[in-house]
file work-v8.cif (mmCIF, C-alpha atoms and all ligand atoms)
data_start
#
loop_
_atom_site.label_atom_id
_atom_site.label_comp_id
_atom_site.auth_asym_id
_atom_site.auth_seq_id
_atom_site.Cartn_x
_atom_site.Cartn_y
_atom_site.Cartn_z
CA MET Q 1307 -30.40 11.31 -25.07
CA ASP Q 1308 -27.54 13.36 -23.63
CA ARG Q 1309 -24.60 11.00 -23.97
CA ILE Q 1310 -22.43 12.69 -21.37
CA ASN Q 1311 -24.93 13.84 -18.77
CA ASP Q 1312 -27.70 11.24 -18.66
CA PHE Q 1313 -27.36 8.75 -15.83
CA GLU Q 1314 -29.29 6.07 -14.01
CA PRO Q 1315 -27.97 4.31 -10.88
CA ALA Q 1316 -29.06 0.94 -12.30
CA TRP Q 1317 -26.38 1.27 -15.00
CA MET Q 1318 -23.73 0.50 -12.40
CA ASP Q 1319 -24.91 -3.11 -12.14
CA GLN Q 1320 -26.07 -3.36 -15.74
CA TYR Q 1321 -22.85 -2.22 -17.40
CA VAL Q 1322 -20.05 -2.53 -14.82
CA MET Q 1323 -18.61 -5.92 -13.83
CA PRO Q 1324 -19.56 -7.33 -10.44
CA ASN Q 1325 -15.98 -7.96 -9.20
CA TYR Q 1326 -16.17 -5.49 -6.29
CA GLY Q 1327 -18.44 -5.77 -3.24
CA ARG Q 1328 -19.45 -2.10 -3.25
CA PHE Q 1329 -20.99 -0.03 -0.48
CA GLN Q 1330 -24.00 1.79 -1.92
CA ILE Q 1331 -22.73 5.36 -1.75
CA TRP Q 1332 -22.02 7.63 -4.69
CA PRO Q 1333 -19.21 10.04 -3.83
CA GLU Q 1334 -19.42 13.33 -5.67
CA ARG Q 1335 -17.00 15.83 -4.18
CA GLY Q 1336 -14.24 15.96 -1.59
CA GLU Q 1337 -12.28 18.53 0.36
CA GLY Q 1338 -9.45 17.53 2.69
CA PRO Q 1339 -10.67 14.63 4.85
CA TYR Q 1340 -14.31 15.25 3.92
CA LEU Q 1341 -16.35 13.57 1.23
CA TRP Q 1342 -19.91 14.33 0.06
CA ASP Q 1343 -22.16 11.91 -1.77
CA THR Q 1344 -24.80 12.74 -4.37
CA SER Q 1345 -27.52 12.92 -1.69
CA GLY Q 1346 -25.51 15.65 0.05
CA LYS Q 1347 -24.48 13.43 2.98
CA LYS Q 1348 -21.09 14.38 4.42
CA TYR Q 1349 -18.49 11.83 5.53
CA LEU Q 1350 -15.13 11.96 7.22
CA ASP Q 1351 -13.11 9.90 4.77
CA PHE Q 1352 -10.59 7.83 6.71
CA ALA Q 1353 -10.50 5.26 3.94
CA GLY Q 1354 -8.72 7.83 1.80
CA GLY Q 1355 -9.15 5.78 -1.35
CA VAL Q 1356 -7.39 2.95 0.53
CA ALA Q 1357 -4.30 4.88 1.62
CA VAL Q 1358 -4.11 6.78 -1.65
CA CYS Q 1359 -4.89 10.36 -0.56
CA PRO Q 1360 -2.16 11.51 1.88
CA LEU Q 1361 -3.26 15.14 1.54
CA GLY Q 1362 -7.00 14.46 1.56
CA HIS Q 1363 -9.22 15.27 -1.40
CA ALA Q 1364 -8.86 18.12 -3.89
CA HIS Q 1365 -5.64 19.48 -2.40
CA PRO Q 1366 -5.21 22.83 -4.19
CA GLU Q 1367 -1.47 22.40 -4.88
CA VAL Q 1368 -1.98 18.94 -6.39
CA ALA Q 1369 -5.07 20.02 -8.36
CA ASP Q 1370 -3.26 23.09 -9.72
CA ALA Q 1371 -0.17 21.06 -10.68
CA ILE Q 1372 -2.30 18.50 -12.53
CA ALA Q 1373 -4.35 21.19 -14.30
CA ALA Q 1374 -1.27 23.21 -15.32
CA GLN Q 1375 0.54 20.12 -16.63
CA ALA Q 1376 -2.58 18.90 -18.47
CA HIS Q 1377 -2.69 22.19 -20.35
CA LYS Q 1378 1.01 21.86 -21.23
CA LEU Q 1379 1.68 18.16 -21.96
CA ILE Q 1380 -0.14 15.05 -20.71
CA HIS Q 1381 1.83 12.23 -22.31
CA VAL Q 1382 4.73 11.59 -24.67
CA SER Q 1383 5.94 7.98 -24.05
CA ASN Q 1384 9.19 6.70 -22.66
CA TRP Q 1385 11.01 7.09 -25.97
CA TYR Q 1386 11.92 10.58 -24.67
CA CYS Q 1387 13.47 12.13 -21.58
CA ILE Q 1388 10.81 13.20 -19.10
CA LYS Q 1389 11.88 16.01 -16.78
CA GLY Q 1390 9.35 15.07 -14.09
CA GLN Q 1391 10.77 11.52 -13.86
CA ALA Q 1392 14.26 12.85 -13.22
CA GLN Q 1393 12.95 15.23 -10.56
CA LEU Q 1394 10.70 12.68 -8.88
CA ALA Q 1395 13.37 9.95 -8.91
CA ARG Q 1396 15.86 12.32 -7.26
CA ILE Q 1397 13.36 13.05 -4.46
CA LEU Q 1398 12.62 9.35 -3.93
CA VAL Q 1399 16.33 8.46 -3.77
CA GLU Q 1400 17.66 11.44 -1.82
CA GLU Q 1401 14.77 12.37 0.48
CA ILE Q 1402 12.65 9.23 0.87
CA VAL Q 1403 15.00 6.21 0.78
CA ARG Q 1404 18.22 8.13 1.47
CA ILE Q 1405 20.28 5.24 0.07
CA PRO Q 1406 21.81 5.58 -3.44
CA GLY Q 1407 19.75 3.93 -6.18
CA LYS Q 1408 17.59 4.40 -9.25
CA CYS Q 1409 13.82 4.39 -9.91
CA PHE Q 1410 11.39 3.10 -12.52
CA PHE Q 1411 7.88 4.54 -12.91
CA SER Q 1412 4.74 2.43 -13.37
CA ASN Q 1413 1.02 3.12 -13.12
CA SER Q 1414 0.10 1.03 -10.11
CA GLY Q 1415 1.33 -0.96 -7.15
CA ALA Q 1416 0.95 -4.34 -8.80
CA GLU Q 1417 3.06 -3.15 -11.74
CA ALA Q 1418 5.74 -1.80 -9.40
CA ASN Q 1419 5.87 -5.25 -7.78
CA GLU Q 1420 6.05 -6.92 -11.21
CA GLY Q 1421 9.18 -4.88 -11.80
CA MET Q 1422 10.76 -6.13 -8.58
CA ILE Q 1423 9.82 -9.72 -9.44
CA LYS Q 1424 11.47 -9.32 -12.85
CA LEU Q 1425 14.55 -7.84 -11.15
CA ALA Q 1426 14.76 -10.96 -8.97
CA ARG Q 1427 14.52 -13.28 -11.99
CA LYS Q 1428 17.21 -11.27 -13.78
CA TYR Q 1429 19.42 -11.40 -10.70
CA GLY Q 1430 19.00 -15.17 -10.57
CA VAL Q 1431 20.15 -15.45 -14.17
CA ASN Q 1432 23.15 -13.21 -13.53
CA LYS Q 1433 24.10 -14.95 -10.30
CA PRO Q 1434 23.12 -18.55 -11.05
CA LEU Q 1435 23.80 -21.89 -9.42
CA ALA Q 1436 27.24 -23.49 -9.81
CA ASP Q 1437 25.98 -25.42 -12.86
CA GLY Q 1438 24.86 -22.19 -14.51
CA SER Q 1439 21.11 -22.73 -14.10
CA PRO Q 1440 19.22 -19.68 -12.84
CA ARG Q 1441 17.99 -19.21 -9.30
CA TYR Q 1442 14.34 -18.13 -9.40
CA GLU Q 1443 12.47 -18.91 -6.18
CA ILE Q 1444 11.02 -15.91 -4.36
CA ILE Q 1445 9.85 -16.35 -0.78
CA THR Q 1446 6.66 -14.48 0.19
CA PHE Q 1447 4.45 -14.66 3.29
CA THR Q 1448 1.03 -15.65 4.53
CA GLY Q 1449 -1.28 -12.65 4.85
CA SER Q 1450 0.58 -10.73 2.16
CA PHE Q 1451 -1.00 -8.71 -0.61
CA HIS Q 1452 1.01 -7.67 -3.66
CA GLY Q 1453 -1.63 -6.92 -6.29
CA ARG Q 1454 -3.84 -8.50 -8.95
CA THR Q 1455 -1.63 -8.96 -12.01
CA PHE Q 1456 -0.46 -12.52 -12.63
CA GLY Q 1457 2.97 -12.14 -11.05
CA ALA Q 1458 1.80 -10.02 -8.12
CA MET Q 1459 -1.21 -12.28 -7.53
CA SER Q 1460 1.00 -15.37 -7.60
CA ALA Q 1461 3.34 -13.67 -5.11
CA THR Q 1462 0.37 -13.08 -2.80
CA ALA Q 1463 0.25 -16.00 -0.37
CA GLN Q 1464 -3.55 -16.08 -0.13
CA GLU Q 1465 -5.68 -18.75 -1.72
CA LYS Q 1466 -8.63 -16.33 -1.87
CA ILE Q 1467 -6.60 -14.06 -4.19
CA HIS Q 1468 -5.20 -16.60 -6.67
CA GLY Q 1469 -7.66 -19.49 -6.25
CA GLY Q 1470 -9.52 -20.29 -9.48
CA PHE Q 1471 -6.88 -18.73 -11.74
CA GLY Q 1472 -4.36 -21.55 -11.92
CA PRO Q 1473 -1.84 -22.41 -13.01
CA ILE Q 1474 -0.34 -19.37 -11.32
CA VAL Q 1475 3.20 -18.13 -11.99
CA PRO Q 1476 5.62 -20.73 -10.61
CA GLY Q 1477 8.55 -19.99 -8.35
CA PHE Q 1478 6.85 -18.46 -5.31
CA VAL Q 1479 7.34 -20.19 -1.98
CA TYR Q 1480 4.93 -19.23 0.82
CA VAL Q 1481 6.11 -19.07 4.43
CA PRO Q 1482 4.25 -18.10 7.65
CA PHE Q 1483 4.88 -14.38 8.31
CA ASN Q 1484 7.28 -13.58 11.15
CA ASP Q 1485 8.32 -17.24 11.55
CA ALA Q 1486 12.14 -17.18 11.46
CA GLU Q 1487 12.61 -20.96 11.61
CA ALA Q 1488 10.16 -21.55 8.78
CA LEU Q 1489 11.95 -18.93 6.69
CA LYS Q 1490 15.35 -20.54 7.21
CA LYS Q 1491 13.93 -23.95 6.29
CA ALA Q 1492 12.29 -22.61 3.12
CA ILE Q 1493 15.52 -21.26 1.64
CA THR Q 1494 16.93 -23.61 -1.02
CA GLU Q 1495 19.78 -23.26 -3.51
CA LYS Q 1496 17.20 -21.95 -6.00
CA THR Q 1497 16.05 -19.09 -3.75
CA VAL Q 1498 16.87 -15.67 -5.12
CA ALA Q 1499 14.77 -13.16 -3.16
CA ILE Q 1500 12.52 -12.49 -0.18
CA LEU Q 1501 9.53 -10.20 -0.80
CA PHE Q 1502 7.35 -8.74 1.97
CA GLU Q 1503 5.37 -5.77 3.27
CA PRO Q 1504 6.95 -4.20 6.38
CA MET Q 1505 3.36 -3.67 7.56
CA GLN Q 1506 0.90 -6.00 5.90
CA GLY Q 1507 -2.02 -3.76 5.03
CA GLU Q 1508 -4.83 -5.76 3.47
CA SER Q 1509 -4.67 -8.54 6.05
CA GLY Q 1510 -5.05 -6.17 9.00
CA VAL Q 1511 -2.03 -3.90 9.70
CA ASN Q 1512 0.31 -6.69 10.76
CA PRO Q 1513 3.90 -5.47 11.17
CA VAL Q 1514 7.05 -7.45 10.60
CA THR Q 1515 8.79 -7.94 13.96
CA PRO Q 1516 12.26 -6.41 14.47
CA ASP Q 1517 13.68 -9.91 15.09
CA PHE Q 1518 12.20 -11.28 11.91
CA LEU Q 1519 13.45 -8.28 9.91
CA ARG Q 1520 16.96 -9.02 11.21
CA THR Q 1521 16.57 -12.70 10.29
CA VAL Q 1522 15.58 -11.68 6.75
CA LYS Q 1523 18.62 -9.40 6.53
CA ALA Q 1524 20.98 -12.12 7.79
CA SER Q 1525 19.46 -14.72 5.43
CA CYS Q 1526 19.82 -12.36 2.45
CA GLU Q 1527 23.49 -11.78 3.29
CA LYS Q 1528 24.22 -15.44 3.92
CA HIS Q 1529 22.53 -16.80 0.77
CA ASP Q 1530 22.98 -13.83 -1.59
CA LEU Q 1531 19.22 -13.09 -1.79
CA LEU Q 1532 17.56 -9.82 -2.73
CA MET Q 1533 15.48 -8.14 -0.04
CA LEU Q 1534 12.41 -6.74 -1.81
CA LEU Q 1535 10.06 -4.49 0.17
CA ASP Q 1536 6.48 -3.83 -0.92
CA GLU Q 1537 5.85 -0.35 0.50
CA VAL Q 1538 2.91 0.31 -1.80
CA GLN Q 1539 0.63 0.94 1.19
CA CYS Q 1540 2.98 1.76 4.07
CA GLY Q 1541 5.56 3.90 2.25
CA LEU Q 1542 6.16 7.60 1.74
CA GLY Q 1543 5.60 8.83 5.27
CA ARG Q 1544 2.28 7.28 6.23
CA THR Q 1545 3.73 5.17 9.05
CA GLY Q 1546 5.59 8.12 10.58
CA GLU Q 1547 8.86 7.43 8.75
CA THR Q 1548 9.54 8.14 5.08
CA CYS Q 1549 10.06 4.37 4.68
CA GLY Q 1550 7.79 1.85 6.39
CA TRP Q 1551 10.58 -0.47 7.49
CA ARG Q 1552 12.22 2.37 9.43
CA SER Q 1553 9.12 2.42 11.67
CA ILE Q 1554 10.24 -1.09 12.71
CA ILE Q 1555 14.02 -0.54 12.85
CA PRO Q 1556 15.04 3.13 12.52
CA GLY Q 1557 18.11 4.28 10.63
CA ASP Q 1558 20.16 2.38 8.08
CA GLU Q 1559 20.65 -0.99 9.77
CA ILE Q 1560 18.27 -2.51 7.23
CA GLN Q 1561 19.19 -1.83 3.60
CA PRO Q 1562 16.72 -3.33 1.14
CA ASP Q 1563 17.74 -4.09 -2.44
CA ALA Q 1564 14.50 -2.82 -3.92
CA ILE Q 1565 11.32 -1.03 -2.77
CA SER Q 1566 7.97 -0.59 -4.51
CA TRP Q 1567 5.53 2.29 -4.03
CA ALA Q 1568 2.17 3.44 -5.37
CA LYS Q 1569 -0.95 4.52 -3.43
CA SER Q 1570 0.13 7.77 -1.68
CA ILE Q 1571 2.62 8.77 -4.36
CA GLY Q 1572 0.23 10.55 -6.74
CA SER Q 1573 -2.67 11.58 -4.50
CA GLY Q 1574 -4.90 9.31 -6.60
CA PHE Q 1575 -3.43 10.00 -10.02
CA PRO Q 1576 -2.30 6.53 -11.23
CA LEU Q 1577 1.42 6.30 -10.49
CA GLY Q 1578 3.72 3.70 -9.02
CA SER Q 1579 7.44 3.26 -8.79
CA PHE Q 1580 10.16 0.95 -7.67
CA TRP Q 1581 13.66 1.75 -6.52
CA ILE Q 1582 16.74 -0.46 -6.88
CA LYS Q 1583 19.80 -0.01 -4.72
CA ASP Q 1584 23.04 1.22 -6.28
CA ARG Q 1585 25.48 -1.56 -5.41
CA ASP Q 1586 27.88 -3.87 -7.21
CA LEU Q 1587 26.50 -7.28 -8.16
CA ALA Q 1588 29.36 -8.88 -6.24
CA GLU Q 1589 32.83 -8.12 -4.90
CA ASN Q 1590 34.48 -9.13 -8.16
CA ASP Q 1591 31.59 -8.03 -10.37
CA ALA Q 1592 31.33 -4.25 -10.81
CA ARG Q 1593 28.02 -4.39 -12.71
CA LYS Q 1594 25.40 -2.43 -10.78
CA LEU Q 1595 22.22 -3.97 -9.41
CA CYS Q 1596 20.34 -0.73 -10.28
CA ASP Q 1597 21.41 -1.05 -13.94
CA LEU Q 1598 20.44 -4.72 -14.32
CA LEU Q 1599 17.16 -3.90 -16.08
CA GLY Q 1600 18.88 -2.46 -19.15
CA PRO Q 1601 17.40 -1.14 -22.43
CA GLY Q 1602 14.56 -3.29 -23.71
CA THR Q 1603 14.18 -5.45 -20.58
CA HIS Q 1604 11.20 -3.68 -19.01
CA GLY Q 1605 8.80 -0.91 -19.83
CA THR Q 1606 5.33 0.62 -19.90
CA THR Q 1607 3.54 2.99 -22.24
CA TYR Q 1608 1.98 5.30 -19.65
CA GLY Q 1609 4.23 4.96 -16.60
CA GLY Q 1610 5.84 8.19 -15.47
CA SER Q 1611 3.99 10.44 -17.91
CA PRO Q 1612 4.54 14.19 -17.46
CA LEU Q 1613 1.05 14.41 -15.95
CA ALA Q 1614 1.61 11.56 -13.45
CA CYS Q 1615 4.96 13.03 -12.43
CA ALA Q 1616 3.40 16.45 -11.87
CA ALA Q 1617 0.91 14.83 -9.48
CA GLY Q 1618 3.72 12.95 -7.75
CA LEU Q 1619 5.99 15.96 -7.43
CA ALA Q 1620 3.23 18.14 -5.97
CA THR Q 1621 2.25 15.41 -3.50
CA LEU Q 1622 5.76 14.62 -2.24
CA ASN Q 1623 6.60 18.32 -2.09
CA VAL Q 1624 3.77 18.95 0.39
CA ILE Q 1625 4.57 15.81 2.44
CA LEU Q 1626 8.24 16.79 2.77
CA ARG Q 1627 7.83 20.58 3.07
CA ASP Q 1628 5.16 20.35 5.78
CA ASP Q 1629 6.89 17.41 7.50
CA LEU Q 1630 3.71 15.35 7.36
CA THR Q 1631 5.76 12.27 8.22
CA ALA Q 1632 6.34 13.64 11.73
CA ARG Q 1633 2.72 14.80 11.87
CA SER Q 1634 1.61 11.29 10.98
CA ALA Q 1635 3.71 9.78 13.76
CA THR Q 1636 2.43 12.15 16.46
CA LEU Q 1637 -1.23 12.02 15.51
CA GLY Q 1638 -1.18 8.24 15.07
CA ARG Q 1639 0.13 7.85 18.62
CA GLN Q 1640 -2.49 10.27 19.99
CA ILE Q 1641 -5.35 8.50 18.22
CA ALA Q 1642 -4.23 5.04 19.33
CA GLY Q 1643 -3.75 6.28 22.92
CA GLU Q 1644 -7.20 7.84 22.98
CA VAL Q 1645 -8.97 4.73 21.65
CA ALA Q 1646 -7.03 2.50 24.06
CA SER Q 1647 -8.12 4.70 26.98
CA TRP Q 1648 -11.80 3.96 26.24
CA LYS Q 1649 -11.19 0.28 27.12
CA LEU Q 1650 -14.05 -0.81 24.85
CA PRO Q 1651 -14.68 -4.57 24.94
CA LEU Q 1652 -15.40 -4.54 21.19
CA ILE Q 1653 -11.78 -3.59 20.44
CA SER Q 1654 -9.29 -6.32 21.21
CA ASP Q 1655 -6.09 -4.81 19.79
CA ILE Q 1656 -4.79 -1.59 18.26
CA ARG Q 1657 -1.86 -1.58 15.83
CA ALA Q 1658 -0.89 1.99 15.01
CA PHE Q 1659 1.93 3.09 12.73
CA GLY Q 1660 1.37 6.77 12.12
CA MET Q 1661 -1.67 7.23 9.91
CA MET Q 1662 -1.95 3.49 9.25
CA ILE Q 1663 -4.00 2.17 12.14
CA GLY Q 1664 -5.62 -1.23 12.52
CA PHE Q 1665 -8.36 -1.70 15.09
CA GLU Q 1666 -8.87 -5.38 15.74
CA LEU Q 1667 -12.45 -6.20 16.67
CA ASN Q 1668 -13.58 -8.68 19.25
CA GLU Q 1669 -15.15 -10.96 16.67
CA ASP Q 1670 -16.70 -13.38 19.16
CA LEU Q 1671 -18.47 -10.62 21.06
CA LEU Q 1672 -19.74 -9.05 17.87
CA MET Q 1673 -20.91 -12.33 16.38
CA GLU Q 1674 -23.08 -12.99 19.46
CA LYS Q 1675 -25.32 -10.08 18.41
CA GLU Q 1676 -28.56 -11.07 16.63
CA ASP Q 1677 -28.35 -8.17 14.20
CA VAL Q 1678 -24.78 -8.98 13.18
CA LYS Q 1679 -25.59 -12.67 12.68
CA ALA Q 1680 -28.70 -11.82 10.68
CA SER Q 1681 -26.74 -9.48 8.40
CA GLY Q 1682 -24.65 -12.39 7.12
CA LYS Q 1683 -21.63 -10.07 7.07
CA ILE Q 1684 -18.17 -10.69 8.50
CA ALA Q 1685 -17.27 -8.53 11.53
CA SER Q 1686 -15.03 -6.03 9.71
CA ILE Q 1687 -17.56 -5.33 6.98
CA TYR Q 1688 -20.44 -5.07 9.43
CA VAL Q 1689 -18.55 -2.48 11.48
CA ALA Q 1690 -17.32 -0.56 8.41
CA LYS Q 1691 -20.95 -0.31 7.24
CA ALA Q 1692 -22.11 0.91 10.67
CA MET Q 1693 -19.35 3.56 10.59
CA LEU Q 1694 -20.34 4.58 7.06
CA ASP Q 1695 -23.96 5.04 8.16
CA ALA Q 1696 -22.67 7.21 11.02
CA GLY Q 1697 -20.57 9.33 8.63
CA LEU Q 1698 -17.08 7.84 8.97
CA LEU Q 1699 -15.47 5.90 6.13
CA VAL Q 1700 -13.01 3.18 7.23
CA VAL Q 1701 -11.61 0.15 5.37
CA PRO Q 1702 -12.16 -3.49 6.35
CA ALA Q 1703 -8.91 -5.48 6.48
CA GLY Q 1704 -9.37 -9.22 6.76
CA PRO Q 1705 -12.29 -10.64 8.76
CA LYS Q 1706 -11.86 -8.70 12.01
CA VAL Q 1707 -9.86 -5.52 11.50
CA VAL Q 1708 -11.01 -2.06 10.42
CA ARG Q 1709 -8.30 0.29 9.17
CA TRP Q 1710 -7.96 4.03 9.48
CA LEU Q 1711 -5.93 5.49 6.63
CA PRO Q 1712 -6.64 9.20 7.09
CA PRO Q 1713 -4.90 12.07 5.35
CA MET Q 1714 -1.51 12.83 6.91
CA ASN Q 1715 -2.37 16.54 7.18
CA LEU Q 1716 -5.38 15.87 9.42
CA THR Q 1717 -6.01 18.52 12.10
CA ASP Q 1718 -6.53 17.72 15.78
CA ALA Q 1719 -10.15 18.90 15.49
CA GLN Q 1720 -10.82 16.58 12.55
CA ALA Q 1721 -9.25 13.66 14.44
CA ALA Q 1722 -11.45 14.46 17.45
CA GLU Q 1723 -14.55 14.55 15.22
CA ALA Q 1724 -13.74 11.09 13.84
CA LEU Q 1725 -12.97 9.71 17.30
CA GLY Q 1726 -16.40 10.95 18.44
CA ILE Q 1727 -18.19 9.07 15.65
CA PHE Q 1728 -16.03 5.96 16.16
CA LYS Q 1729 -16.71 5.79 19.88
CA ALA Q 1730 -20.45 6.47 19.67
CA THR Q 1731 -20.86 3.86 16.93
CA LEU Q 1732 -18.92 1.20 18.83
CA GLU Q 1733 -20.94 1.95 21.98
CA ASN Q 1734 -24.16 1.57 19.99
CA LEU Q 1735 -22.94 -1.77 18.64
CA ALA Q 1736 -22.02 -2.92 22.14
CA GLU Q 1737 -25.60 -2.25 23.25
CA LEU Q 1738 -27.15 -4.40 20.52
CA ALA Q 1739 -28.94 -7.49 21.81
C1 LIG Q 1801 -2.71 -1.91 -2.86
C2 LIG Q 1801 -1.51 -2.74 -2.75
C3 LIG Q 1801 -0.91 -3.32 -3.89
C4 LIG Q 1801 -1.53 -3.26 -5.27
O1 LIG Q 1801 -1.55 -1.96 -5.78
P1 LIG Q 1801 -2.47 -1.65 -7.06
O2 LIG Q 1801 -2.20 -0.20 -7.33
O3 LIG Q 1801 -3.88 -1.94 -6.68
O4 LIG Q 1801 -2.01 -2.52 -8.16
C5 LIG Q 1801 0.26 -4.02 -3.71
N1 LIG Q 1801 0.84 -4.12 -2.51
C6 LIG Q 1801 0.29 -3.58 -1.41
C7 LIG Q 1801 0.99 -3.73 -0.10
C8 LIG Q 1801 -0.91 -2.88 -1.48
O5 LIG Q 1801 -1.46 -2.36 -0.39
#

call {"tool": "encode", "arguments": {"input": "work-v8.cif", "output": "structure tokens"}}
result
Amino acid sequence: MDRINDFEPAWMDQYVMPNYGRFQIWPERGEGPYLWDTSGKKYLDFAGGVAVCPLGHAHPEVADAIAAQAHKLIHVSNWYCIKGQAQLARILVEEIVRIPGKCFFSNSGAEANEGMIKLARKYGVNKPLADGSPRYEIITFTGSFHGRTFGAMSATAQEKIHGGFGPIVPGFVYVPFNDAEALKKAITEKTVAILFEPMQGESGVNPVTPDFLRTVKASCEKHDLLMLLDEVQCGLGRTGETCGWRSIIPGDEIQPDAISWAKSIGSGFPLGSFWIKDRDLAENDARKLCDLLGPGTHGTTYGGSPLACAAGLATLNVILRDDLTARSATLGRQIAGEVASWKLPLISDIRAFGMMIGFELNEDLLMEKEDVKASGKIASIYVAKAMLDAGLLVVPAGPKVVRWLPPMNLTDAQAAEALGIFKATLENLAELA
């Protein structure tokens, strides 16, 4: 028995929990947007680890930075000052958000959101009701996804995410996304924050509307609520702006109080972060919002390790140096324009924000097909599987959307190659009886 090298595919089901519905491919090696499985089959990977690989796979600058740091120092704990955190936080504040603030480093998106939820609770204690009792209600929206930890799962307004795990964390109030009247009605004297994704990712690339974003801003000002943005999927340049919300309303008209990130930030090395705005708690209260989580209030053993920060620094350096944000915007528009020009009946809508593109499928048309019905699969998974078989990895999002989340440094030729596979596969599906 060779403990390290022996392997049997059956071990995956025998020893690993069944909580994921996995496609049966075994990725082995990647390079840029390409992925190879153990049988040698080559794929164009537009799933990108679900929006995690903005530079594609095995980017030499990221790989070298990780290797060099691993040989120097992997981990020390947050009892000490970590140079990479200072450097990475400065980049996030000065070059990504471009609004004064401070950052915390976590290991994942859910943990980054936990931090924002804790900030809201702390804010509610510091700015309580007239009788001194804390405000604690956080409004979140249908179709949202904030992660799988207890707080983040409870914030997620989807029964399929938190069903069966009750009682969930109290204090979350769910409101239909983009419904201004419903939002206004849901605000009570106990409300302390509004949390949302500028582009909902998991439920199918559904953007907040500019009107709704302005309603959120006005409500936050009127009722002294924190505006918390979950940019775990849409942040850091993917949508064609360094911040997702600026793809909806450019410039500084919208000024969130806190923003969470993960996914793209470390090219796949576990890293997350959240930023808090540098502002006074109130006109007559000079305490800073960004200092509210003081010593002992929040923490993590691994978050922001020297190794994670090295991965993050290398990733953001390439995104900013090569202006991949602009590249993302241009290529996203081209891709969406091209697919729209095919006028395929199987595609009923295209929602493109840079390299975050949702193709909504004509579910009714697809479900008329014998083969689709017989498969027992929902439309998005059926189509993702057909794409996979044809050599293009995409991600299902909700029942009828497939997402493209390609690397932001994709070339025109690589985009054309993917478009070729996408079109041929959809045409084949259209011809099914
Ligand atoms: C993926 C995702 C999360 C959860 O991130 P994890 O790293 O899986 O914990 C939270 N919010 C959004 C918008 C996401 O897309």

call {"tool": "residues_near_ligand", "arguments": {"input": "work-v8.cif", "ligand": "ligand LIG 1801 (chain Q)", "cutoff": "7 Å", "atoms": "only C-alpha atoms and all ligand atoms", "output": "PyMOL selection string"}}
result
chain Q and resi 1414-1417+1451-1454+1503+1506-1508+1536-1539+1568-1569

call {"tool": "write_last_selection", "arguments": {"input": "work-v8.cif", "atoms": "C-alpha atoms", "output": "PDB file, in the coordinates of the input"}}
result
ATOM      1  CA  SER Q1414       0.100   1.030 -10.110  1.00  0.00           C
ATOM      2  CA  GLY Q1415       1.330  -0.960  -7.150  1.00  0.00           C
ATOM      3  CA  ALA Q1416       0.950  -4.340  -8.800  1.00  0.00           C
ATOM      4  CA  GLU Q1417       3.060  -3.150 -11.740  1.00  0.00           C
ATOM      5  CA  PHE Q1451      -1.000  -8.710  -0.610  1.00  0.00           C
ATOM      6  CA  HIS Q1452       1.010  -7.670  -3.660  1.00  0.00           C
ATOM      7  CA  GLY Q1453      -1.630  -6.920  -6.290  1.00  0.00           C
ATOM      8  CA  ARG Q1454      -3.840  -8.500  -8.950  1.00  0.00           C
ATOM      9  CA  GLU Q1503       5.370  -5.770   3.270  1.00  0.00           C
ATOM     10  CA  GLN Q1506       0.900  -6.000   5.900  1.00  0.00           C
ATOM     11  CA  GLY Q1507      -2.020  -3.760   5.030  1.00  0.00           C
ATOM     12  CA  GLU Q1508      -4.830  -5.760   3.470  1.00  0.00           C
ATOM     13  CA  ASP Q1536       6.480  -3.830  -0.920  1.00  0.00           C
ATOM     14  CA  GLU Q1537       5.850  -0.350   0.500  1.00  0.00           C
ATOM     15  CA  VAL Q1538       2.910   0.310  -1.800  1.00  0.00           C
ATOM     16  CA  GLN Q1539       0.630   0.940   1.190  1.00  0.00           C
ATOM     17  CA  ALA Q1568       2.170   3.440  -5.370  1.00  0.00           C
ATOM     18  CA  LYS Q1569      -0.950   4.520  -3.430  1.00  0.00           C
TER      19      LYS Q1569
END

call {"tool": "atom_distance", "arguments": {"input": "work-v8.cif", "atom1": "atom CA of Q:Gly1354", "atom2": "atom CA of Q:Ile1310"}}
result
27.4 Å

call {"tool": "atom_distance", "arguments": {"input": "work-v8.cif", "atom1": "atom CA of Q:Arg1544", "atom2": "atom CA of Q:Met1661"}}
result
5.4 Å

call {"tool": "residues_near_point", "arguments": {"input": "work-v8.cif", "point": "(9.7, 8.5, 3.6)", "cutoff": "7 Å", "atoms": "all atoms listed in the file", "output": "count of residues only"}}
result
8

call {"tool": "closest_residue", "arguments": {"input": "work-v8.cif", "among": "Q:Pro1315, Q:Pro1556, Q:Pro1601, Q:Pro1504", "to": "Q:Leu1535", "atoms": "only C-alpha atoms"}}
result
Q:Pro1504

call {"tool": "atom_distance", "arguments": {"input": "work-v8.cif", "atom1": "atom CA of Q:Pro1612", "atom2": "atom CA of Q:Leu1711"}}
result
27.7 Å

call {"tool": "closest_residue", "arguments": {"input": "work-v8.cif", "among": "Q:Ile1405, Q:Phe1410, Q:Met1307, Q:Ala1392", "to": "Q:Gly1605", "atoms": "all atoms listed in the file"}}
result
Q:Phe1410

call {"tool": "residues_around", "arguments": {"input": "work-v8.cif", "residues": "Q:Val1358", "least_positions_apart": "6", "cutoff": "6 Å", "atoms": "all atoms listed in the file", "output": "PyMOL selection string"}}
result
chain Q and resi 1569-1570+1573-1574

call {"tool": "closest_residue", "arguments": {"input": "work-v8.cif", "among": "Q:Asn1734, Q:Ser1383, Q:Thr1448, Q:Asn1432", "to": "Q:Ala1588", "atoms": "all atoms listed in the file"}}
result
Q:Asn1432
